[in-house]
file structure18.cif (mmCIF, C-alpha atoms)
data_protein
loop_
_atom_site.label_atom_id
_atom_site.label_comp_id
_atom_site.auth_asym_id
_atom_site.auth_seq_id
_atom_site.Cartn_x
_atom_site.Cartn_y
_atom_site.Cartn_z
CA MET I 22 34.33 41.37 36.32
CA ASN I 23 35.75 44.36 38.18
CA VAL I 24 38.86 43.78 40.31
CA LEU I 25 40.53 45.79 43.08
CA LEU I 26 44.25 45.19 43.58
CA ILE I 27 45.82 46.32 46.85
CA GLY I 28 49.43 47.52 46.84
CA SER I 29 51.96 49.83 45.23
CA GLY I 30 55.15 47.90 44.49
CA GLY I 31 56.80 45.82 41.81
CA ARG I 32 54.85 42.73 42.84
CA GLU I 33 51.58 44.59 42.34
CA HIS I 34 52.69 46.03 38.99
CA ALA I 35 53.45 42.50 37.80
CA LEU I 36 50.06 41.26 39.03
CA ALA I 37 48.26 44.20 37.44
CA TRP I 38 50.08 43.63 34.15
CA ALA I 39 49.02 39.98 34.15
CA ILE I 40 45.44 40.54 35.31
CA SER I 41 44.91 43.25 32.69
CA ALA I 42 45.24 40.64 29.92
CA SER I 43 42.21 38.63 31.04
CA PRO I 44 39.32 38.63 28.57
CA ARG I 45 36.97 38.47 31.59
CA LEU I 46 38.25 41.68 33.16
CA GLY I 47 35.91 44.66 33.31
CA ARG I 48 37.74 47.42 35.19
CA LEU I 49 40.92 47.02 37.19
CA TYR I 50 41.48 49.38 40.10
CA CYS I 51 44.58 49.58 42.27
CA ALA I 52 44.99 51.18 45.68
CA PRO I 53 47.22 53.10 45.79
CA GLY I 54 49.18 51.88 42.75
CA ASN I 55 52.18 53.57 41.13
CA PRO I 56 52.98 55.23 37.78
CA GLY I 57 53.64 51.88 36.10
CA ILE I 58 50.44 50.34 37.39
CA ALA I 59 48.56 53.40 36.13
CA ASP I 60 49.29 52.23 32.58
CA VAL I 61 47.04 49.17 33.04
CA ALA I 62 44.73 50.09 35.93
CA THR I 63 42.87 53.00 37.52
CA CYS I 64 44.80 54.04 40.61
CA VAL I 65 42.65 55.16 43.52
CA ASP I 66 43.43 56.99 46.76
CA LEU I 67 42.04 54.53 49.30
CA ASP I 68 43.16 53.93 52.87
CA VAL I 69 43.54 50.14 52.82
CA ALA I 70 43.92 50.12 56.62
CA ASP I 71 40.32 51.38 56.80
CA HIS I 72 38.48 48.16 56.06
CA ARG I 73 35.08 49.84 56.00
CA ALA I 74 36.34 52.24 53.35
CA VAL I 75 37.65 49.35 51.25
CA ILE I 76 34.32 47.50 51.54
CA GLY I 77 32.46 50.67 50.65
CA PHE I 78 34.61 51.21 47.55
CA CYS I 79 33.96 47.61 46.49
CA SER I 80 30.22 48.06 46.87
CA GLU I 81 30.17 51.34 44.95
CA ASN I 82 32.25 49.97 42.07
CA ALA I 83 30.80 46.44 41.77
CA ILE I 84 34.10 44.80 42.69
CA ALA I 85 33.84 41.02 42.28
CA LEU I 86 37.35 40.20 43.52
CA VAL I 87 39.94 41.88 45.72
CA VAL I 88 43.55 40.79 45.22
CA VAL I 89 45.72 41.72 48.20
CA GLY I 90 49.37 42.11 47.24
CA PRO I 91 51.29 42.89 50.47
CA GLU I 92 51.26 41.03 53.76
CA VAL I 93 50.35 43.83 56.20
CA PRO I 94 46.65 44.12 55.23
CA LEU I 95 46.32 40.33 55.38
CA VAL I 96 47.82 40.09 58.86
CA ALA I 97 45.43 42.90 59.85
CA GLY I 98 42.45 40.78 58.78
CA LEU I 99 41.34 42.54 55.59
CA GLY I 100 40.55 39.19 53.98
CA ASP I 101 38.21 38.22 56.83
CA ASP I 102 36.33 41.51 56.69
CA LEU I 103 35.92 41.37 52.92
CA ARG I 104 34.61 37.82 52.97
CA GLN I 105 32.23 38.66 55.81
CA ALA I 106 30.86 41.43 53.58
CA GLY I 107 30.33 38.94 50.77
CA ILE I 108 33.32 40.06 48.65
CA ALA I 109 35.72 37.43 47.31
CA CYS I 110 39.30 38.01 48.43
CA PHE I 111 42.53 36.54 47.14
CA GLY I 112 44.52 36.35 50.36
CA PRO I 113 44.26 34.43 53.62
CA GLY I 114 42.38 35.51 56.72
CA ARG I 115 44.03 36.93 59.82
CA GLN I 116 44.69 33.58 61.52
CA ALA I 117 46.16 31.85 58.46
CA ALA I 118 48.21 34.98 57.71
CA GLN I 119 50.08 34.34 60.97
CA LEU I 120 52.23 32.03 58.86
CA GLU I 121 54.04 35.24 57.95
CA GLY I 122 52.90 37.44 60.81
CA SER I 123 54.58 35.29 63.46
CA LYS I 124 57.72 33.18 63.06
CA ALA I 125 56.81 31.32 66.27
CA PHE I 126 53.33 30.49 64.93
CA THR I 127 54.88 28.88 61.85
CA LYS I 128 57.38 26.91 63.93
CA GLU I 129 54.64 25.64 66.22
CA LEU I 130 52.55 24.62 63.21
CA CYS I 131 55.58 22.78 61.79
CA ASP I 132 55.86 20.89 65.07
CA ALA I 133 52.15 20.00 65.01
CA ALA I 134 52.20 18.81 61.38
CA ASN I 135 55.67 17.23 61.43
CA ILE I 136 57.01 19.59 58.75
CA PRO I 137 60.81 19.60 58.26
CA THR I 138 62.35 22.90 59.35
CA ALA I 139 65.30 24.26 61.28
CA GLY I 140 65.54 23.57 65.00
CA TYR I 141 64.44 26.58 67.02
CA ALA I 142 63.59 28.18 70.34
CA LYS I 143 61.34 31.16 71.11
CA PHE I 144 62.11 33.84 73.69
CA THR I 145 60.33 36.86 75.16
CA ASP I 146 63.25 37.84 77.40
CA ALA I 147 66.57 39.24 76.16
CA ASP I 148 68.77 37.60 78.81
CA ALA I 149 67.28 34.15 78.18
CA ALA I 150 67.68 34.62 74.43
CA LYS I 151 71.33 35.62 74.81
CA ALA I 152 72.08 32.67 77.10
CA HIS I 153 70.59 30.32 74.51
CA ALA I 154 72.42 31.99 71.62
CA ASP I 155 75.75 31.83 73.47
CA ALA I 156 75.37 28.07 73.78
CA GLN I 157 74.73 27.49 70.05
CA PRO I 158 77.27 26.77 67.31
CA LEU I 159 77.89 29.54 64.78
CA PRO I 160 76.57 30.90 62.55
CA ILE I 161 73.13 31.26 64.12
CA VAL I 162 69.89 32.72 62.78
CA ILE I 163 67.88 35.20 64.85
CA LYS I 164 64.47 36.50 63.79
CA ALA I 165 62.13 39.09 65.18
CA ASP I 166 58.87 37.21 65.62
CA GLY I 167 56.59 39.66 63.78
CA LEU I 168 56.58 41.57 60.51
CA ALA I 169 59.69 43.68 59.99
CA ALA I 170 59.66 44.52 56.27
CA GLY I 171 62.30 41.90 55.52
CA LYS I 172 64.80 43.44 57.94
CA GLY I 173 64.04 41.44 61.09
CA VAL I 174 66.47 38.60 60.40
CA ALA I 175 70.15 38.31 61.23
CA ILE I 176 72.64 35.57 60.43
CA ALA I 177 75.11 36.08 63.27
CA GLU I 178 78.69 34.99 62.63
CA SER I 179 79.69 35.74 66.23
CA HIS I 180 78.00 35.59 69.60
CA GLU I 181 78.61 39.33 69.94
CA ASP I 182 76.66 39.95 66.74
CA ALA I 183 73.89 37.68 68.00
CA ASN I 184 73.62 39.55 71.29
CA ARG I 185 73.64 42.89 69.50
CA PHE I 186 70.72 41.87 67.26
CA ILE I 187 68.81 40.47 70.24
CA ASP I 188 69.24 43.86 71.95
CA ASP I 189 67.96 45.55 68.78
CA CYS I 190 64.83 43.38 68.83
CA PHE I 191 63.99 43.86 72.49
CA GLY I 192 65.15 47.47 72.40
CA GLY I 193 62.36 48.47 70.01
CA LYS I 194 64.14 48.64 66.65
CA PHE I 195 61.32 46.58 65.10
CA GLY I 196 58.52 47.84 67.34
CA LYS I 197 56.08 45.23 68.57
CA SER I 198 57.47 42.75 66.05
CA GLY I 199 60.58 42.41 68.21
CA ALA I 200 58.76 41.67 71.45
CA ALA I 201 59.66 38.02 70.90
CA VAL I 202 62.50 36.40 68.98
CA VAL I 203 62.99 33.02 67.37
CA ILE I 204 66.51 31.61 67.35
CA GLU I 205 67.15 28.93 64.73
CA GLU I 206 69.92 26.61 63.67
CA PHE I 207 71.71 27.69 60.50
CA LEU I 208 70.74 25.45 57.58
CA VAL I 209 73.32 24.63 54.91
CA GLY I 210 72.25 24.24 51.29
CA GLU I 211 70.77 26.19 48.40
CA GLU I 212 67.70 28.39 48.80
CA ALA I 213 64.69 28.21 46.51
CA SER I 214 61.21 29.69 46.41
CA PHE I 215 58.15 27.52 45.86
CA PHE I 216 54.65 28.88 45.27
CA VAL I 217 51.21 27.31 45.30
CA LEU I 218 47.68 28.62 45.12
CA SER I 219 45.16 27.22 47.60
CA ASP I 220 41.40 27.61 47.95
CA GLY I 221 41.47 26.07 51.41
CA THR I 222 41.18 22.52 50.11
CA ASP I 223 42.76 22.14 46.69
CA ILE I 224 46.29 23.17 45.75
CA LEU I 225 47.64 24.41 42.40
CA PRO I 226 51.46 24.38 42.25
CA LEU I 227 52.98 27.33 40.41
CA ALA I 228 56.39 27.71 38.80
CA THR I 229 59.54 27.72 40.92
CA ALA I 230 61.89 30.67 41.37
CA GLN I 231 65.11 31.65 43.07
CA ASP I 232 66.08 35.09 44.33
CA HIS I 233 69.19 36.95 45.44
CA LYS I 234 68.88 38.48 48.90
CA ARG I 235 72.32 40.03 49.36
CA VAL I 236 72.86 43.56 48.12
CA GLY I 237 76.20 42.98 46.39
CA ASP I 238 77.69 40.86 43.65
CA GLY I 239 78.81 37.42 44.74
CA ASP I 240 76.06 37.35 47.37
CA THR I 241 77.93 39.80 49.59
CA GLY I 242 76.73 42.57 51.90
CA PRO I 243 73.57 42.86 53.96
CA ASN I 244 70.32 41.06 53.21
CA THR I 245 67.68 43.00 51.29
CA GLY I 246 64.14 42.40 50.17
CA GLY I 247 65.64 40.88 47.02
CA MET I 248 67.98 42.21 44.32
CA GLY I 249 66.89 39.90 41.54
CA ALA I 250 65.29 36.56 40.73
CA TYR I 251 64.87 33.98 38.01
CA SER I 252 62.39 31.26 37.13
CA PRO I 253 62.40 28.29 37.00
CA ALA I 254 64.84 27.35 39.77
CA PRO I 255 67.03 24.53 38.41
CA VAL I 256 67.67 23.21 41.91
CA MET I 257 63.96 22.35 42.21
CA THR I 258 63.81 19.04 40.37
CA GLU I 259 60.54 17.17 39.87
CA GLU I 260 61.49 14.93 42.79
CA LEU I 261 62.12 17.90 45.09
CA ILE I 262 58.86 19.54 44.02
CA ALA I 263 56.98 16.34 44.87
CA ARG I 264 58.71 16.10 48.26
CA THR I 265 57.98 19.73 49.02
CA LEU I 266 54.30 19.27 48.24
CA GLU I 267 53.96 16.09 50.29
CA ASP I 268 56.17 16.97 53.26
CA ILE I 269 55.64 20.74 53.60
CA ILE I 270 52.78 22.29 51.62
CA LYS I 271 49.98 19.72 51.95
CA PRO I 272 50.48 19.23 55.72
CA THR I 273 50.38 23.00 56.20
CA ILE I 274 47.12 23.46 54.27
CA ALA I 275 45.58 20.47 56.06
CA GLU I 276 46.62 21.69 59.52
CA LEU I 277 45.17 25.16 58.91
CA ALA I 278 41.92 23.63 57.68
CA ARG I 279 41.81 21.42 60.78
CA ARG I 280 42.14 24.54 62.93
CA GLY I 281 39.24 26.21 61.14
CA SER I 282 41.44 28.67 59.22
CA PRO I 283 41.34 27.50 55.59
CA TYR I 284 44.07 29.07 53.47
CA GLN I 285 42.85 31.02 50.42
CA GLY I 286 45.46 32.73 48.30
CA VAL I 287 49.08 32.18 47.37
CA LEU I 288 51.42 30.42 49.78
CA TYR I 289 55.11 31.12 49.29
CA ALA I 290 57.53 28.67 50.88
CA GLY I 291 61.11 29.79 51.33
CA LEU I 292 63.09 26.55 51.23
CA MET I 293 66.59 25.37 51.97
CA ILE I 294 67.57 22.37 49.88
CA THR I 295 69.75 20.45 52.31
CA GLU I 296 71.46 17.05 52.09
CA ASP I 297 68.38 15.67 53.84
CA GLY I 298 65.96 17.23 51.37
CA PRO I 299 63.88 20.42 51.41
CA LYS I 300 63.36 22.18 54.72
CA LEU I 301 61.11 25.17 55.38
CA ILE I 302 62.92 28.41 56.18
CA GLU I 303 59.83 30.62 56.26
CA TYR I 304 56.38 31.14 54.84
CA ASN I 305 55.09 34.27 53.16
CA VAL I 306 51.36 34.73 52.60
CA ARG I 307 51.71 36.69 49.37
CA PHE I 308 53.70 36.52 46.17
CA GLY I 309 57.40 37.14 46.62
CA ASP I 310 58.94 40.35 45.39
CA PRO I 311 60.79 40.12 42.97
CA GLU I 312 59.72 36.50 42.36
CA ALA I 313 56.24 37.61 41.28
CA GLN I 314 57.78 39.49 38.40
CA VAL I 315 59.47 36.44 36.88
CA LEU I 316 56.40 34.28 37.52
CA MET I 317 53.98 36.68 35.84
CA ILE I 318 56.11 37.16 32.73
CA ARG I 319 56.16 33.34 32.30
CA ALA I 320 52.48 32.74 33.08
CA ASP I 321 49.69 32.67 30.51
CA ARG I 322 48.37 36.13 31.32
CA GLU I 323 44.87 35.35 30.06
CA GLN I 324 44.56 32.62 32.72
CA VAL I 325 46.00 34.47 35.74
CA LEU I 326 42.77 36.18 36.81
CA ASP I 327 40.85 32.89 36.56
CA ALA I 328 43.38 31.20 38.85
CA LEU I 329 43.29 34.02 41.41
CA GLU I 330 39.48 33.98 41.44
CA ALA I 331 39.39 30.19 41.89
CA ALA I 332 41.73 30.42 44.87
CA ALA I 333 39.46 33.06 46.41
CA SER I 334 36.14 31.37 45.64
CA GLY I 335 36.78 27.64 45.30
CA GLY I 336 37.10 25.25 42.39
CA LEU I 337 40.88 25.49 42.17
CA GLY I 338 41.12 21.74 41.54
CA GLU I 339 39.56 22.28 38.10
CA THR I 340 41.73 25.30 37.24
CA GLN I 341 44.78 25.34 35.01
CA LEU I 342 47.53 27.90 34.63
CA ALA I 343 49.93 27.41 31.74
CA TRP I 344 53.58 28.48 31.80
CA SER I 345 55.99 29.46 29.07
CA ASP I 346 58.99 27.19 28.59
CA ASP I 347 61.13 30.34 28.57
CA VAL I 348 63.36 31.29 31.45
CA ALA I 349 62.60 34.63 33.11
CA LEU I 350 65.02 36.85 35.02
CA THR I 351 64.58 40.16 36.78
CA VAL I 352 67.22 42.63 37.95
CA VAL I 353 66.30 45.05 40.72
CA MET I 354 67.52 48.61 40.27
CA ALA I 355 67.77 50.24 43.68
CA ALA I 356 68.34 53.80 44.82
CA ASP I 357 71.75 54.77 46.16
CA GLY I 358 71.81 54.16 49.90
CA TYR I 359 69.65 51.04 49.84
CA PRO I 360 69.20 48.94 52.00
CA GLY I 361 69.94 51.76 54.42
CA THR I 362 68.46 55.19 53.67
CA PRO I 363 67.72 55.35 49.94
CA LYS I 364 68.14 58.56 47.98
CA LYS I 365 64.69 59.65 46.83
CA GLY I 366 63.52 62.13 44.23
CA THR I 367 66.18 61.40 41.60
CA ARG I 368 65.01 61.50 37.99
CA ILE I 369 64.72 58.34 35.88
CA ASN I 370 64.65 58.56 32.08
CA GLY I 371 64.17 55.98 29.35
CA VAL I 372 61.84 53.49 31.03
CA GLN I 373 59.37 53.35 28.14
CA ARG I 374 62.21 53.17 25.61
CA SER I 375 63.81 50.23 27.44
CA SER I 376 60.73 48.00 27.60
CA GLY I 377 60.51 45.44 24.81
CA GLY I 378 57.01 44.03 24.53
CA ALA I 379 56.41 40.58 26.00
CA ASP I 380 60.12 39.73 26.29
CA VAL I 381 61.29 42.75 28.32
CA VAL I 382 59.04 44.48 30.84
CA ILE I 383 60.12 47.09 33.38
CA PHE I 384 57.97 46.89 36.48
CA HIS I 385 57.77 49.91 38.76
CA ALA I 386 58.51 49.15 42.41
CA GLY I 387 59.26 52.49 44.05
CA THR I 388 58.48 55.34 41.67
CA LYS I 389 56.28 58.41 41.54
CA LEU I 390 55.61 61.30 39.21
CA ALA I 391 57.13 64.65 40.14
CA ASP I 392 55.16 67.89 39.83
CA ASP I 393 56.58 68.39 36.34
CA GLY I 394 55.44 64.92 35.27
CA SER I 395 58.88 63.33 35.28
CA LEU I 396 59.46 59.88 36.78
CA VAL I 397 61.48 59.88 40.01
CA ALA I 398 62.66 57.35 42.57
CA ASN I 399 60.46 57.02 45.64
CA GLY I 400 61.80 54.03 47.51
CA GLY I 401 64.69 51.63 48.02
CA ARG I 402 63.98 49.10 45.29
CA VAL I 403 62.77 51.24 42.41
CA LEU I 404 62.61 49.29 39.13
CA ASN I 405 62.44 45.58 38.23
CA VAL I 406 63.95 45.07 34.78
CA THR I 407 62.44 41.74 33.75
CA ALA I 408 63.16 39.67 30.66
CA ARG I 409 62.60 36.20 29.33
CA GLY I 410 64.52 34.04 26.88
CA ALA I 411 65.25 30.50 25.83
CA SER I 412 68.00 30.24 28.47
CA VAL I 413 69.06 32.01 31.64
CA MET I 414 71.92 33.58 29.70
CA GLU I 415 69.59 34.94 27.00
CA ALA I 416 67.14 36.31 29.55
CA ARG I 417 69.98 37.92 31.49
CA GLU I 418 71.49 39.49 28.37
CA ARG I 419 68.13 41.04 27.49
CA ALA I 420 67.61 42.39 31.02
CA TYR I 421 71.02 44.00 31.25
CA ALA I 422 70.71 45.42 27.73
CA ALA I 423 67.51 47.14 28.86
CA ILE I 424 69.31 48.50 31.92
CA ASP I 425 72.05 49.90 29.69
CA SER I 426 69.48 51.95 27.79
CA LEU I 427 68.10 53.51 30.98
CA ASP I 428 69.29 56.89 32.22
CA TRP I 429 69.37 56.82 36.02
CA PRO I 430 72.81 57.70 37.43
CA ASP I 431 71.54 57.53 41.04
CA GLY I 432 70.55 53.88 40.84
CA PHE I 433 72.58 50.70 41.22
CA TYR I 434 72.10 46.98 40.63
CA ARG I 435 73.85 43.66 40.90
CA THR I 436 75.63 42.49 37.76
CA ASP I 437 75.51 38.75 38.48
CA ILE I 438 71.82 37.88 38.78
CA GLY I 439 71.27 34.24 37.81
CA TRP I 440 74.88 33.19 38.31
CA ARG I 441 74.03 29.85 39.92
CA ALA I 442 71.68 28.88 37.10
CA ILE I 443 74.18 29.99 34.47
CA GLU I 444 76.86 27.80 36.06
CA ARG I 445 74.44 24.89 35.80
CA GLU I 446 73.75 25.74 32.15
CA LYS I 447 77.48 25.72 31.40
CA GLN I 448 77.96 22.39 33.18
CA SER I 449 75.05 20.75 31.39
CA GLY I 450 75.85 22.30 28.03
#
call {"tool": "encode", "arguments": {"input": "structure18.cif", "output": "structure tokens"}}
result
Amino acid sequence: MNVLLIGSGGREHALAWAISASPRLGRLYCAPGNPGIADVATCVDLDVADHRAVIGFCSENAIALVVVGPEVPLVAGLGDDLRQAGIACFGPGRQAAQLEGSKAFTKELCDAANIPTAGYAKFTDADAAKAHADAQPLPIVIKADGLAAGKGVAIAESHEDANRFIDDCFGGKFGKSGAAVVIEEFLVGEEASFFVLSDGTDILPLATAQDHKRVGDGDTGPNTGGMGAYSPAPVMTEELIARTLEDIIKPTIAELARRGSPYQGVLYAGLMITEDGPKLIEYNVRFGDPEAQVLMIRADREQVLDALEAAASGGLGETQLAWSDDVALTVVMAADGYPGTPKKGTRINGVQRSSGGADVVIFHAGTKLADDGSLVANGGRVLNVTARGASVMEARERAYAAIDSLDWPDGFYRTDIGWRAIEREKQSG
């Protein structure tokens, strides 16, 4: 079967790498792709915002399945248009994608389905939002309602900071996404990421993962899209996984089906493990990035395409996806200036030399080829150095050894990825 993958980042490189191992794969295309993806797929220049063009490409190239990596095309309804044209799509329709497209939508759904989450209030007026924020205990969480590329969230330690971020939202910093804000209570606990596939009815739980959002060692500095991740997440015990499925995931899938918007694709729950159990922080309607990288290096690659197709077409209840017992860990190498204005165009050497077969894979997140054919940085998060091993410590040692063999003086990375899990390993060992 021929497959079209939508996207250009590290998540999509990891998906392409996994999909390419399927014995059922005919040709794998990616729009637009990146230099790493080009090693396992045919990259095509296709405007994914032009849904007619995407449908036309699928018809011309006998595409049996479209896998949508990022959230923006899903929120724009690409999944609906593909399915209406008779093309299977891995990714929810426009209405179900509001789980990520609107923080308020998710909160309202949590209310309707009695899903545990942080207390909240929604505002479309800056003065009302500030008055509410001023009356709340600190710290307080403020979110732009719509998509903001991971930058529309602030954890305010002071009421002045809260008011400043509210002004940013209503002042246009996040465009239409900031036309409304959601103000939430600050949850205390440990974060974890939980993923399931859904075909609208059946659910297939995937492996757990945990990421590092802060830019600096020791979880310091501003939030980013993610500076590293590891899988599995030790905090997610079998009991917590069962509670998450029963209290959060299943009610969500059932409520969407009741509303006539069955969820088809991957559902990513950002959780806070509190003293009262797991609570939903947010939903994403696509694989996390960089969590996808550690999931794909642990998954049975020959089964990944089958699972994605089942989520898109039905029959997920009869589908299996095996996982390695190994631990996986990825370290994000970012361009100087990230998460502000990253320095682009700097040369990166040694990527091929640093990859080590199935145990060490370097996924491209923000790269391109210069006119002379050299690999250069073309984004904030640029490389995902991903490794697996029998323990978190072994996986981490392999990842950082690969980084040491790279030649990219204009990049930086955290040196403590996996520290929580390693502390647990030391305590249990």
call {"tool": "residues_near_point", "arguments": {"input": "structure18.cif", "point": "(35.3, 45.7, 31.8)", "cutoff": "7 Å", "atoms": "all atoms listed in the file", "output": "PyMOL selection string"}}
result
chain I and resi 22-23+46-48
call {"tool": "atom_distance", "arguments": {"input": "structure18.cif", "atom1": "atom CA of Ser219 of chain I", "atom2": "atom CA of Gly30 of chain I"}}
result
23.2 Å
call {"tool": "atom_distance", "arguments": {"input": "structure18.cif", "atom1": "atom CA of Ala169 of chain I", "atom2": "atom CA of Asp220 of chain I"}}
result
27.2 Å
call {"tool": "atom_distance", "arguments": {"input": "structure18.cif", "atom1": "atom CA of Leu103 of chain I", "atom2": "atom CA of Leu86 of chain I"}}
result
9.6 Å
call {"tool": "resolve_selection", "arguments": {"input": "structure18.cif", "expression": "the PyMOL selection byres ((chain I and resi 305-313) around 8)", "output": "number ranges by chain"}}
result
I: 31-32, 35-36, 89-92, 112-113, 118, 120-121, 216, 230-232, 246-252, 286-291, 303-304, 314-317, 351, 353, 405
call {"tool": "closest_residue", "arguments": {"input": "structure18.cif", "among": "I:Thr245, I:Thr265, I:Asn370, I:Gln116", "to": "Trp429 of chain I", "atoms": "only C-alpha atoms"}}
result
I:Asn370
call {"tool": "resolve_selection", "arguments": {"input": "structure18.cif", "expression": "the PyMOL selection byres ((chain I and resi 43) around 10)", "output": "list in words"}}
result
Met22, Trp38, Ala39, Ile40, Ser41, Ala42, Pro44, Arg45, Leu46, Gly47, Asp321, Arg322, Glu323, Gln324, Val325, Leu326 and Asp327 of chain I
call {"tool": "residues_around", "arguments": {"input": "structure18.cif", "residues": "Leu301 of chain I", "least_positions_apart": "4", "cutoff": "12 Å", "atoms": "all atoms listed in the file", "output": "ChimeraX atom specification"}}
result
/I:120,124,127-128,130-132,135-140,205,208,210-215,264-266,268-270,273,289-295,305
call {"tool": "resolve_selection", "arguments": {"input": "structure18.cif", "expression": "the PyMOL selection byres ((chain I and resi 185) around 12)", "output": "list in words"}}
result
Ala147, Asp148, Ala150, Lys151, Ala154, Asp155, Ile163, Ala175, Ile176, Ala177, Glu178, Ser179, His180, Glu181, Asp182, Ala183, Asn184, Phe186, Ile187, Asp188, Asp189, Cys190, Phe191, Gly192 and Lys194 of chain I
call {"tool": "write_last_selection", "arguments": {"input": "structure18.cif", "atoms": "C-alpha atoms", "output": "PDB file, in the frame of the given file"}}
result
ATOM      1  CA  ALA I 147      66.570  39.240  76.160  1.00  0.00           C
ATOM      2  CA  ASP I 148      68.770  37.600  78.810  1.00  0.00           C
ATOM      3  CA  ALA I 150      67.680  34.620  74.430  1.00  0.00           C
ATOM      4  CA  LYS I 151      71.330  35.620  74.810  1.00  0.00           C
ATOM      5  CA  ALA I 154      72.420  31.990  71.620  1.00  0.00           C
ATOM      6  CA  ASP I 155      75.750  31.830  73.470  1.00  0.00           C
ATOM      7  CA  ILE I 163      67.880  35.200  64.850  1.00  0.00           C
ATOM      8  CA  ALA I 175      70.150  38.310  61.230  1.00  0.00           C
ATOM      9  CA  ILE I 176      72.640  35.570  60.430  1.00  0.00           C
ATOM     10  CA  ALA I 177      75.110  36.080  63.270  1.00  0.00           C
ATOM     11  CA  GLU I 178      78.690  34.990  62.630  1.00  0.00           C
ATOM     12  CA  SER I 179      79.690  35.740  66.230  1.00  0.00           C
ATOM     13  CA  HIS I 180      78.000  35.590  69.600  1.00  0.00           C
ATOM     14  CA  GLU I 181      78.610  39.330  69.940  1.00  0.00           C
ATOM     15  CA  ASP I 182      76.660  39.950  66.740  1.00  0.00           C
ATOM     16  CA  ALA I 183      73.890  37.680  68.000  1.00  0.00           C
ATOM     17  CA  ASN I 184      73.620  39.550  71.290  1.00  0.00           C
ATOM     18  CA  PHE I 186      70.720  41.870  67.260  1.00  0.00           C
ATOM     19  CA  ILE I 187      68.810  40.470  70.240  1.00  0.00           C
ATOM     20  CA  ASP I 188      69.240  43.860  71.950  1.00  0.00           C
ATOM     21  CA  ASP I 189      67.960  45.550  68.780  1.00  0.00           C
ATOM     22  CA  CYS I 190      64.830  43.380  68.830  1.00  0.00           C
ATOM     23  CA  PHE I 191      63.990  43.860  72.490  1.00  0.00           C
ATOM     24  CA  GLY I 192      65.150  47.470  72.400  1.00  0.00           C
ATOM     25  CA  LYS I 194      64.140  48.640  66.650  1.00  0.00           C
TER      26      LYS I 194
END
call {"tool": "residues_around", "arguments": {"input": "structure18.cif", "residues": "segment 142-144 of chain I", "least_positions_apart": "6", "cutoff": "8 Å", "atoms": "all atoms listed in the file", "output": "ChimeraX atom specification"}}
result
/I:125,150,201-205
call {"tool": "axis_aligned_box", "arguments": {"input": "structure18.cif", "around": "segment 276-286 of chain I", "padding_each_side": "4 Å", "output": "AutoDock Vina command-line options"}}
result
--center_x 42.9 --center_y 27.1 --center_z 55.6 --size_x 15.4 --size_y 19.3 --size_z 22.6
call {"tool": "closest_residue", "arguments": {"input": "structure18.cif", "among": "I:Arg279, I:Lys197, I:Lys172, I:Lys389", "to": "Thr222 of chain I", "atoms": "all atoms listed in the file"}}
result
I:Arg279
